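A.B. asks: Below is the file input.pdb, with PDB, C-alpha atoms, pLDDT in the B column.
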ATOM      1  CA  MET A1134       3.971  30.459 -33.227  1.00 95.00           C
ATOM      2  CA  ASN A1135       7.433  31.892 -33.849  1.00 95.00           C
ATOM      3  CA  HIS A1136       8.555  33.369 -37.168  1.00 94.00           C
ATOM      4  CA  PHE A1137      12.208  33.664 -38.151  1.00 94.00           C
ATOM      5  CA  TYR A1138      13.667  36.419 -40.333  1.00 94.00           C
ATOM      6  CA  LYS A1139      17.089  36.692 -41.885  1.00 95.00           C
ATOM      7  CA  ALA A1140      18.920  39.574 -43.538  1.00 96.00           C
ATOM      8  CA  THR A1141      22.474  39.906 -44.751  1.00 96.00           C
ATOM      9  CA  ILE A1142      24.322  43.167 -44.189  1.00 96.00           C
ATOM     10  CA  ASN A1143      27.477  43.549 -46.276  1.00 96.00           C
ATOM     11  CA  TRP A1144      29.713  46.551 -45.554  1.00 96.00           C
ATOM     12  CA  THR A1145      31.075  47.897 -48.856  1.00 97.00           C
ATOM     13  CA  GLY A1146      32.796  50.958 -47.431  1.00 96.00           C
ATOM     14  CA  ASN A1147      36.420  49.868 -47.057  1.00 96.00           C
ATOM     15  CA  LEU A1148      38.266  52.593 -48.980  1.00 96.00           C
ATOM     16  CA  GLY A1149      41.619  50.825 -48.637  1.00 96.00           C
ATOM     17  CA  LYS A1150      42.514  51.517 -45.009  1.00 95.00           C
ATOM     18  CA  GLY A1151      39.523  49.955 -43.258  1.00 95.00           C
ATOM     19  CA  THR A1152      38.532  51.690 -40.041  1.00 95.00           C
ATOM     20  CA  SER A1153      42.028  52.979 -39.322  1.00 96.00           C
ATOM     21  CA  GLN A1154      40.534  56.461 -38.853  1.00 94.00           C
ATOM     22  CA  TYR A1155      37.003  57.806 -38.415  1.00 93.00           C
ATOM     23  CA  LYS A1156      37.116  59.579 -41.791  1.00 93.00           C
ATOM     24  CA  ALA A1157      38.971  56.776 -43.605  1.00 95.00           C
ATOM     25  CA  TYR A1158      35.962  54.616 -44.436  1.00 97.00           C
ATOM     26  CA  SER A1159      32.573  54.877 -46.068  1.00 97.00           C
ATOM     27  CA  ARG A1160      29.375  53.948 -44.245  1.00 97.00           C
ATOM     28  CA  ASN A1161      27.967  52.302 -47.383  1.00 97.00           C
ATOM     29  CA  HIS A1162      26.569  48.825 -47.098  1.00 97.00           C
ATOM     30  CA  GLU A1163      24.118  46.507 -48.812  1.00 97.00           C
ATOM     31  CA  ILE A1164      21.102  44.808 -47.289  1.00 97.00           C
ATOM     32  CA  SER A1165      19.977  41.598 -48.903  1.00 97.00           C
ATOM     33  CA  SER A1166      17.835  38.588 -48.317  1.00 97.00           C
ATOM     34  CA  GLU A1167      17.510  35.479 -50.424  1.00 95.00           C
ATOM     35  CA  ASP A1168      15.835  36.056 -53.825  1.00 95.00           C
ATOM     36  CA  LYS A1169      15.150  39.759 -53.176  1.00 96.00           C
ATOM     37  CA  PRO A1170      16.610  42.956 -54.631  1.00 97.00           C
ATOM     38  CA  THR A1171      19.508  44.536 -52.782  1.00 97.00           C
ATOM     39  CA  ILE A1172      18.890  47.685 -50.739  1.00 97.00           C
ATOM     40  CA  TYR A1173      21.780  50.137 -50.947  1.00 98.00           C
ATOM     41  CA  ALA A1174      22.189  51.731 -47.557  1.00 97.00           C
ATOM     42  CA  SER A1175      24.461  54.043 -45.619  1.00 98.00           C
ATOM     43  CA  SER A1176      24.270  56.088 -42.461  1.00 96.00           C
ATOM     44  CA  ASP A1177      22.455  59.398 -42.276  1.00 95.00           C
ATOM     45  CA  PRO A1178      24.532  62.194 -43.871  1.00 96.00           C
ATOM     46  CA  SER A1179      24.837  63.707 -40.353  1.00 93.00           C
ATOM     47  CA  PHE A1180      26.958  60.673 -39.508  1.00 93.00           C
ATOM     48  CA  ARG A1181      29.132  60.734 -42.646  1.00 94.00           C
ATOM     49  CA  GLY A1182      26.686  58.696 -44.726  1.00 95.00           C
ATOM     50  CA  GLU A1183      25.716  58.976 -48.358  1.00 96.00           C
ATOM     51  CA  GLY A1184      22.446  60.841 -48.800  1.00 95.00           C
ATOM     52  CA  THR A1185      21.437  58.922 -51.929  1.00 97.00           C
ATOM     53  CA  ARG A1186      21.142  55.679 -49.962  1.00 97.00           C
ATOM     54  CA  TYR A1187      18.576  54.631 -47.363  1.00 97.00           C
ATOM     55  CA  ASN A1188      19.724  54.895 -43.763  1.00 97.00           C
ATOM     56  CA  PRO A1189      18.631  52.634 -40.875  1.00 97.00           C
ATOM     57  CA  GLU A1190      16.418  55.344 -39.386  1.00 97.00           C
ATOM     58  CA  GLU A1191      14.468  55.792 -42.635  1.00 97.00           C
ATOM     59  CA  LEU A1192      14.102  52.043 -42.990  1.00 98.00           C
ATOM     60  CA  PHE A1193      12.827  51.817 -39.420  1.00 97.00           C
ATOM     61  CA  VAL A1194      10.151  54.470 -40.029  1.00 98.00           C
ATOM     62  CA  ALA A1195       9.283  52.732 -43.314  1.00 98.00           C
ATOM     63  CA  SER A1196       8.924  49.395 -41.480  1.00 97.00           C
ATOM     64  CA  LEU A1197       6.414  50.898 -39.066  1.00 98.00           C
ATOM     65  CA  SER A1198       4.450  52.454 -41.914  1.00 98.00           C
ATOM     66  CA  SER A1199       4.514  49.296 -44.018  1.00 97.00           C
ATOM     67  CA  CYS A1200       3.402  47.025 -41.175  1.00 98.00           C
ATOM     68  CA  HIS A1201       0.549  49.371 -40.286  1.00 98.00           C
ATOM     69  CA  MET A1202      -0.581  49.594 -43.916  1.00 97.00           C
ATOM     70  CA  LEU A1203      -0.598  45.821 -44.396  1.00 98.00           C
ATOM     71  CA  TRP A1204      -2.691  45.254 -41.257  1.00 98.00           C
ATOM     72  CA  TYR A1205      -4.978  48.139 -42.217  1.00 97.00           C
ATOM     73  CA  LEU A1206      -5.642  46.785 -45.711  1.00 97.00           C
ATOM     74  CA  HIS A1207      -6.300  43.336 -44.263  1.00 98.00           C
ATOM     75  CA  LEU A1208      -8.812  44.707 -41.747  1.00 98.00           C
ATOM     76  CA  CYS A1209     -10.501  46.845 -44.412  1.00 98.00           C
ATOM     77  CA  SER A1210     -10.942  43.835 -46.681  1.00 98.00           C
ATOM     78  CA  GLU A1211     -12.562  41.895 -43.830  1.00 98.00           C
ATOM     79  CA  ALA A1212     -14.841  44.829 -42.931  1.00 98.00           C
ATOM     80  CA  GLY A1213     -16.037  45.488 -46.483  1.00 98.00           C
ATOM     81  CA  VAL A1214     -14.187  48.808 -46.766  1.00 98.00           C
ATOM     82  CA  VAL A1215     -12.922  49.069 -50.338  1.00 98.00           C
ATOM     83  CA  VAL A1216      -9.604  50.939 -50.386  1.00 98.00           C
ATOM     84  CA  ILE A1217      -8.379  51.906 -53.837  1.00 98.00           C
ATOM     85  CA  ASP A1218      -5.366  54.010 -52.859  1.00 97.00           C
ATOM     86  CA  TYR A1219      -3.128  54.396 -49.816  1.00 97.00           C
ATOM     87  CA  ILE A1220      -0.102  56.588 -49.286  1.00 97.00           C
ATOM     88  CA  ASP A1221       1.690  57.447 -46.071  1.00 98.00           C
ATOM     89  CA  ASN A1222       4.293  60.161 -45.598  1.00 97.00           C
ATOM     90  CA  ALA A1223       5.479  58.855 -42.231  1.00 98.00           C
ATOM     91  CA  THR A1224       7.788  60.914 -40.028  1.00 98.00           C
ATOM     92  CA  GLY A1225       9.975  60.005 -37.085  1.00 98.00           C
ATOM     93  CA  THR A1226      11.954  61.895 -34.473  1.00 98.00           C
ATOM     94  CA  MET A1227      15.224  60.527 -33.154  1.00 96.00           C
ATOM     95  CA  THR A1228      17.045  62.245 -30.316  1.00 97.00           C
ATOM     96  CA  GLU A1229      20.818  62.009 -30.181  1.00 95.00           C
ATOM     97  CA  THR A1230      22.274  62.069 -26.675  1.00 95.00           C
ATOM     98  CA  GLU A1231      25.495  63.708 -25.477  1.00 96.00           C
ATOM     99  CA  ASP A1232      27.461  60.457 -25.633  1.00 96.00           C
ATOM    100  CA  GLY A1233      26.518  59.973 -29.317  1.00 91.00           C
ATOM    101  CA  SER A1234      23.888  57.295 -28.760  1.00 94.00           C
ATOM    102  CA  GLY A1235      20.271  58.014 -29.513  1.00 95.00           C
ATOM    103  CA  HIS A1236      16.729  56.738 -29.649  1.00 97.00           C
ATOM    104  CA  PHE A1237      13.450  57.399 -31.383  1.00 97.00           C
ATOM    105  CA  THR A1238      11.042  59.470 -29.327  1.00 98.00           C
ATOM    106  CA  GLU A1239       8.067  59.177 -31.680  1.00 97.00           C
ATOM    107  CA  VAL A1240       6.856  58.229 -35.121  1.00 98.00           C
ATOM    108  CA  THR A1241       3.755  59.662 -36.759  1.00 98.00           C
ATOM    109  CA  LEU A1242       1.999  57.949 -39.620  1.00 98.00           C
ATOM    110  CA  HIS A1243       0.077  60.196 -42.009  1.00 98.00           C
ATOM    111  CA  PRO A1244      -1.900  57.749 -44.155  1.00 98.00           C
ATOM    112  CA  VAL A1245      -4.132  59.156 -46.868  1.00 97.00           C
ATOM    113  CA  VAL A1246      -6.690  56.547 -47.838  1.00 97.00           C
ATOM    114  CA  ILE A1247      -9.140  56.669 -50.720  1.00 97.00           C
ATOM    115  CA  VAL A1248     -12.267  54.522 -50.513  1.00 97.00           C
ATOM    116  CA  THR A1249     -15.031  53.947 -53.042  1.00 97.00           C
ATOM    117  CA  GLU A1250     -18.058  55.121 -51.031  1.00 97.00           C
ATOM    118  CA  ALA A1251     -18.767  57.876 -48.486  1.00 97.00           C
ATOM    119  CA  SER A1252     -20.517  55.325 -46.259  1.00 97.00           C
ATOM    120  CA  MET A1253     -17.127  53.662 -45.676  1.00 97.00           C
ATOM    121  CA  VAL A1254     -15.263  56.716 -44.356  1.00 97.00           C
ATOM    122  CA  ASP A1255     -16.064  56.328 -40.640  1.00 97.00           C
ATOM    123  CA  LYS A1256     -15.177  52.639 -40.596  1.00 98.00           C
ATOM    124  CA  ALA A1257     -12.049  53.314 -42.664  1.00 98.00           C
ATOM    125  CA  ASN A1258     -10.841  55.852 -40.101  1.00 97.00           C
ATOM    126  CA  GLU A1259     -11.708  53.582 -37.171  1.00 97.00           C
ATOM    127  CA  LEU A1260      -9.715  50.671 -38.588  1.00 98.00           C
ATOM    128  CA  HIS A1261      -6.435  52.583 -38.193  1.00 98.00           C
ATOM    129  CA  TYR A1262      -6.758  52.084 -34.429  1.00 96.00           C
ATOM    130  CA  GLU A1263      -7.349  48.364 -34.910  1.00 97.00           C
ATOM    131  CA  ALA A1264      -4.398  48.081 -37.286  1.00 98.00           C
ATOM    132  CA  HIS A1265      -2.180  49.742 -34.692  1.00 97.00           C
ATOM    133  CA  LYS A1266      -3.135  47.091 -32.127  1.00 97.00           C
ATOM    134  CA  PHE A1267      -2.010  44.333 -34.500  1.00 97.00           C
ATOM    135  CA  CYS A1268       1.128  45.908 -36.007  1.00 97.00           C
ATOM    136  CA  PHE A1269       4.080  43.696 -35.084  1.00 96.00           C
ATOM    137  CA  VAL A1270       6.610  46.485 -35.480  1.00 97.00           C
ATOM    138  CA  ALA A1271       4.646  49.076 -33.484  1.00 97.00           C
ATOM    139  CA  ASN A1272       4.137  46.512 -30.720  1.00 96.00           C
ATOM    140  CA  SER A1273       7.933  46.189 -30.520  1.00 97.00           C
ATOM    141  CA  CYS A1274       8.572  49.902 -29.945  1.00 97.00           C
ATOM    142  CA  ASN A1275       9.161  51.633 -26.628  1.00 97.00           C
ATOM    143  CA  PHE A1276       7.952  55.023 -27.862  1.00 97.00           C
ATOM    144  CA  PRO A1277       4.594  56.297 -29.128  1.00 96.00           C
ATOM    145  CA  VAL A1278       3.485  55.676 -32.701  1.00 97.00           C
ATOM    146  CA  HIS A1279       0.890  58.304 -33.572  1.00 97.00           C
ATOM    147  CA  HIS A1280      -1.635  58.246 -36.401  1.00 95.00           C
ATOM    148  CA  ASN A1281      -2.935  61.204 -38.340  1.00 96.00           C
ATOM    149  CA  PRO A1282      -5.138  59.552 -40.990  1.00 95.00           C
ATOM    150  CA  THR A1283      -7.122  61.180 -43.758  1.00 96.00           C
ATOM    151  CA  CYS A1284      -9.832  59.377 -45.689  1.00 96.00           C
ATOM    152  CA  GLN A1285     -11.256  60.554 -48.994  1.00 96.00           C
ATOM    153  CA  VAL A1286     -13.828  59.242 -51.437  1.00 96.00           C
ATOM    154  CA  ILE A1287     -13.228  59.073 -55.178  1.00 87.00           C
TER     155      ILE A1287
END
How does the structure come out when it is put into structure tokens?
C.D. replies:
Amino acid sequence: MNHFYKATINWTGNLGKGTSQYKAYSRNHEISSEDKPTIYASSDPSFRGEGTRYNPEELFVASLSSCHMLWYLHLCSEAGVVVIDYIDNATGTMTETEDGSGHFTEVTLHPVVIVTEASMVDKANELHYEAHKFCFVANSCNFPVHHNPTCQVI
């Protein structure tokens, strides 16, 4: 079964002279999709972007983390593991090459999961590996996605 996704990217960075010079335009843009809030984005400040807006690299790391979390919660619910809190401070490394192009070399997820009973901890940790197998975004990457999970009991 195929699924189709659509997003609209609207560049809002024309400062009056378009792209007539490298420093003449802003990298600001808006990401939208029907009936959803707008995401205000830019490039990384290293590439003349605005640091108060999300950049594509952050959104990419967030997509990996989000996909993993959603699969993980699904698998936990099926396995009887009761998760009451989940937070992930995911990190990613992108290497810029001499010609200005670049690519991600790795992403590491650092999920901290809180479950209701100590008897669930081993299964909760194990399910991260299962979630990784199912994650659509991770399965689309050509670099390693590592996991460094922590599980706690309330």
A.B. asks: What's the 12 Å shell around stretch 1187-1195 of chain A, counting all atoms listed in the file, without same-chain residues fewer than 4 positions away, as a short mmCIF file (atom, residue, chain, number, x, y, z; two decimals) with C-alpha atoms, in the coordinates of the input?
C.D. replies:
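What follows is the written file around-v8.cif:
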data_model
loop_
_atom_site.label_atom_id
_atom_site.label_comp_id
_atom_site.auth_asym_id
_atom_site.auth_seq_id
_atom_site.Cartn_x
_atom_site.Cartn_y
_atom_site.Cartn_z
CA ILE A 1142 24.32 43.17 -44.19
CA ARG A 1160 29.38 53.95 -44.24
CA ASN A 1161 27.97 52.30 -47.38
CA HIS A 1162 26.57 48.82 -47.10
CA GLU A 1163 24.12 46.51 -48.81
CA ILE A 1164 21.10 44.81 -47.29
CA THR A 1171 19.51 44.54 -52.78
CA ILE A 1172 18.89 47.68 -50.74
CA TYR A 1173 21.78 50.14 -50.95
CA ALA A 1174 22.19 51.73 -47.56
CA SER A 1175 24.46 54.04 -45.62
CA SER A 1176 24.27 56.09 -42.46
CA ASP A 1177 22.46 59.40 -42.28
CA PRO A 1178 24.53 62.19 -43.87
CA SER A 1179 24.84 63.71 -40.35
CA PHE A 1180 26.96 60.67 -39.51
CA ARG A 1181 29.13 60.73 -42.65
CA GLY A 1182 26.69 58.70 -44.73
CA GLU A 1183 25.72 58.98 -48.36
CA SER A 1199 4.51 49.30 -44.02
CA CYS A 1200 3.40 47.02 -41.18
CA HIS A 1201 0.55 49.37 -40.29
CA MET A 1202 -0.58 49.59 -43.92
CA ILE A 1220 -0.10 56.59 -49.29
CA ASP A 1221 1.69 57.45 -46.07
CA ASN A 1222 4.29 60.16 -45.60
CA ALA A 1223 5.48 58.86 -42.23
CA THR A 1224 7.79 60.91 -40.03
CA GLY A 1225 9.98 60.00 -37.08
CA THR A 1226 11.95 61.90 -34.47
CA MET A 1227 15.22 60.53 -33.15
CA THR A 1228 17.05 62.24 -30.32
CA GLY A 1235 20.27 58.01 -29.51
CA HIS A 1236 16.73 56.74 -29.65
CA PHE A 1237 13.45 57.40 -31.38
CA THR A 1238 11.04 59.47 -29.33
CA GLU A 1239 8.07 59.18 -31.68
CA VAL A 1240 6.86 58.23 -35.12
CA THR A 1241 3.76 59.66 -36.76
CA LEU A 1242 2.00 57.95 -39.62
CA HIS A 1243 0.08 60.20 -42.01
CA VAL A 1270 6.61 46.48 -35.48
CA ALA A 1271 4.65 49.08 -33.48
CA SER A 1273 7.93 46.19 -30.52
CA CYS A 1274 8.57 49.90 -29.94
CA VAL A 1278 3.48 55.68 -32.70
CA HIS A 1279 0.89 58.30 -33.57
#
A.B. asks: Could you list the residues chosen by the PyMOL selection byres ((chain A and resi 1167) around 10) in this structure as a PyMOL selection string?
C.D. replies: chain A and resi 1139-1141+1165-1166+1168-1171
A.B. asks: Print the selection's residues with C-alpha atoms to a file, as a compact mmCIF listing (two decimals), in the frame of the given file.
C.D. replies:
# COMPACT_ATOMS: atom_id res chain seq x y z
CA LYS A 1139 17.09 36.69 -41.88
CA ALA A 1140 18.92 39.57 -43.54
CA THR A 1141 22.47 39.91 -44.75
CA SER A 1165 19.98 41.60 -48.90
CA SER A 1166 17.84 38.59 -48.32
CA ASP A 1168 15.84 36.06 -53.82
CA LYS A 1169 15.15 39.76 -53.18
CA PRO A 1170 16.61 42.96 -54.63
CA THR A 1171 19.51 44.54 -52.78
A.B. asks: Report, in Å with one decimal, the straight-line distance from atom CA of A:Val1214 to atom CA of A:Ala1251.
C.D. replies: 10.3 Å
A.B. asks: Show me, as JSON, numbers by chain, the residues that have an atom within 9 Å of A:Lys1256 when counting all atoms listed in the file, minus same-chain residues fewer than 3 positions from it.
C.D. replies: {"A": [1209, 1212, 1214, 1252, 1253, 1259, 1260]}
A.B. asks: Using Å and a single decimal, report how far atom CA of A:Ala1257 sits from atom CA of A:Pro1282.
C.D. replies: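 Distance reported for this atom pair: 9.5 Å.
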A.B. asks: What is the distance between atom CA of A:Gly1213 and atom CA of A:Glu1250, in Å to one decimal?
C.D. replies: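 These atoms are spaced 10.8 Å apart.
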A.B. asks: Could you check which of A:Asp1232, A:Glu1211, A:Asp1255, A:Glu1263 is closest to A:Cys1284, using only C-alpha atoms?
C.D. replies: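 For A:Cys1284, the nearest of the candidates is A:Asp1255.
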A.B. asks: Translate the PyMOL selection byres ((chain A and resi 1247-1249) around 6), as applied to the file shown, into an explicit residue set as a PyMOL selection string.
C.D. replies: chain A and resi 1215-1218+1246+1250+1284-1287
